[in-house]
Amino acid sequence: MSKTNQSFADRMKEHQIAWATRNGFTHLLDPRNNSQPSWVLKPEHQTKNLQNPTWWQYIKGREHKWARSLLSSQCFAVNVFGPLVENPILAKRVLESLFPHRILEKDDNVSVFFEHTPEGTQKWLGETKTSQPTQVDVFFTVTRRKQSVGHVLVEVKYTELEFGSCRGAVPPPTKAGNHDSSRCLNFQDVLPNPKQMCWMAEPVNGRHYWDFMLSSATPFRFTSAMVCPFRHSLYQLMRNQVLALALVQETSAEWAEFGVCIHPGNTKVRQLSDPVLGRTDALEAFNAILPNHMTITEILPSTIIELARGDDSALSDWAGWMHSRYDLHV
């Protein structure tokens with residue numbers, strides 16, 4: 001396969017195998033039946049997927065099925081944001097740089113969590129009937145005088161082909177259970193009555209997402225959409241954004257921002273299979289339907305790395321490891 005026709009995921013697979021070989025990790029990888037090179041660590045060596053193996057504690061008990069894969073997006077997230085967990089001052093400076101319009105006070109404290117579901121999420125979003133409530137890849141909390149005043153939610157992607165899709169949009173027969181997914185293609189009929197017309201909002205699922213999106217306080221801009229914009233890749237983005245809205249409405253938080261952190265070489269994840277409001281870029285399309293005062297923030301991994309290295313010279317080794325491990329200049 002020529003390099004020009006090779007997918008980003010395939011290129012990263014080759015890169016990770018080469019990286020493991022250069023660093024003497026080959027014997028730590030699970031052998032494959034076809035004798036081809038492996039990119040998955042043996043279970044007992046899974047913590048080697050992180051620049052600092054002690055960071056595994058940040059996801060322990062919430063590991064993804066293939067967290068030991070060198071292509072793990074979960075471990076990519078921990079490797080990018082891990083240094084901020086143990087350095088609240090650095091975490092604060094990163095937020096101040098990424099979101100300068102959010103003024104932090106001198107004594108504000110910033111905490112960072114991974115795979116985080118804020119208390120109350122299932123109730124707010126109507127996710128009590130699912131075993132997998134909305135879970136944020138990287139979650140920042142700003143605490144002021146012992147009270148949470150702000151949050152930043154970050155969705156992280158490495159080699160994935162898309163953001164998560166809505167299972168209700170899958171046509172029958174499927175395990176999803178939606179008896180009439182054709183309703184998703186008649187969006188102007190869904191908007192006036194989503195609790196009857198959207199399978200995810202029906203009592204069988206009971207999701208409250210539309211309560212936030214159609215609220216007069218935070219109205220999403222759906223006027224020209226003819227099919228549901230959340231059938232495919234915008235669904236996961238929507239759930240994160242709705243959780244951000246819920247945090248402001250239901251807690252002491254004064255504000256909540258939502259951003260995405262994508263490997264710069266992964267352009268495929270941004271490409272929608274069907275245009276939304278005439279846009280085929282997922283982030284552009286999502287911004288187009290957000291309320292006027294809101295926008296999704298793009299966070300480049302290299303931005304975090306350079307901010308961290310510039311703030312603390314002791315992080316130079318980590319920064320070099322990140323560029324070597326993930327080829328962030330592609």
# chains A, B, ... in the order shown; residues from 1 in each chain; ligands from 1
call {"tool": "residues_around", "arguments": {"residues": "Lys60 of chain A", "least_positions_apart": "4", "cutoff": "10 Å", "atoms": "only C-alpha atoms", "output": "list in words"}}
result
Trp55, Trp56, His64, Phe114 and Glu115 of chain A
call {"tool": "write_last_selection", "arguments": {"atoms": "N, CA, C and O atoms", "output": "short mmCIF file (atom, residue, chain, number, x, y, z; two decimals), in the first residue's frame"}}
result
data_model
loop_
_atom_site.label_atom_id
_atom_site.label_comp_id
_atom_site.auth_asym_id
_atom_site.auth_seq_id
_atom_site.Cartn_x
_atom_site.Cartn_y
_atom_site.Cartn_z
N TRP A 55 0.72 7.01 36.34
CA TRP A 55 -0.51 7.69 35.91
C TRP A 55 -1.66 6.72 35.68
O TRP A 55 -2.81 7.15 35.53
N TRP A 56 -1.36 5.41 35.63
CA TRP A 56 -2.45 4.44 35.41
C TRP A 56 -3.51 4.56 36.50
O TRP A 56 -4.69 4.26 36.27
N HIS A 64 -10.54 1.45 29.23
CA HIS A 64 -11.21 0.98 28.03
C HIS A 64 -10.74 -0.45 27.73
O HIS A 64 -9.69 -0.89 28.21
N PHE A 114 -9.82 12.12 34.74
CA PHE A 114 -10.00 11.37 33.50
C PHE A 114 -11.21 10.44 33.61
O PHE A 114 -11.51 9.94 34.70
N GLU A 115 -11.89 10.23 32.48
CA GLU A 115 -13.06 9.34 32.44
C GLU A 115 -14.03 9.70 33.56
O GLU A 115 -14.47 8.86 34.34
#
call {"tool": "select_by_dssp", "arguments": {"residues": "segment 92-126 of chain A", "states": "strand (DSSP E or B)", "output": "list of chain:residue names"}}
result
A:Asn109, A:Val110, A:Ser111, A:Val112, A:Phe113, A:Phe114, A:Glu115, A:His116
call {"tool": "residues_around", "arguments": {"residues": "Glu127 of chain A", "least_positions_apart": "6", "cutoff": "8 Å", "atoms": "only C-alpha atoms", "output": "list in words"}}
result
Thr121, Pro133, Thr134, Asn205, Gly206 and Arg207 of chain A
call {"tool": "atom_distance", "arguments": {"atom1": "atom CA of Thr303 of chain A", "atom2": "atom CA of Gln51 of chain A"}}
result
17.8 Å
call {"tool": "residues_around", "arguments": {"residues": "segment 34-46 of chain A", "least_positions_apart": "2", "cutoff": "6 Å", "atoms": "only C-alpha atoms", "output": "list in words"}}
result
Ile17, Leu28, Leu29, Asp30, Arg32, Lys48, Asn49, Arg68, Ser69 and Leu70 of chain A
call {"tool": "residues_around", "arguments": {"residues": "Val190 of chain A", "least_positions_apart": "5", "cutoff": "12 Å", "atoms": "only C-alpha atoms", "output": "PyMOL selection string"}}
result
chain A and resi 181-185+195-202+210+214+222-223+225-229
call {"tool": "residues_around", "arguments": {"residues": "segment 277-289 of chain A", "least_positions_apart": "3", "cutoff": "6 Å", "atoms": "only C-alpha atoms", "output": "MDAnalysis selection string"}}
result
chainID A and resid 220:221 270:272 295
call {"tool": "select_by_dssp", "arguments": {"residues": "segment 4-124 of chain A", "states": "alpha helix (DSSP H)", "output": "PyMOL selection string"}}
result
chain A and resi 8-22+73-85+88-98+121-124
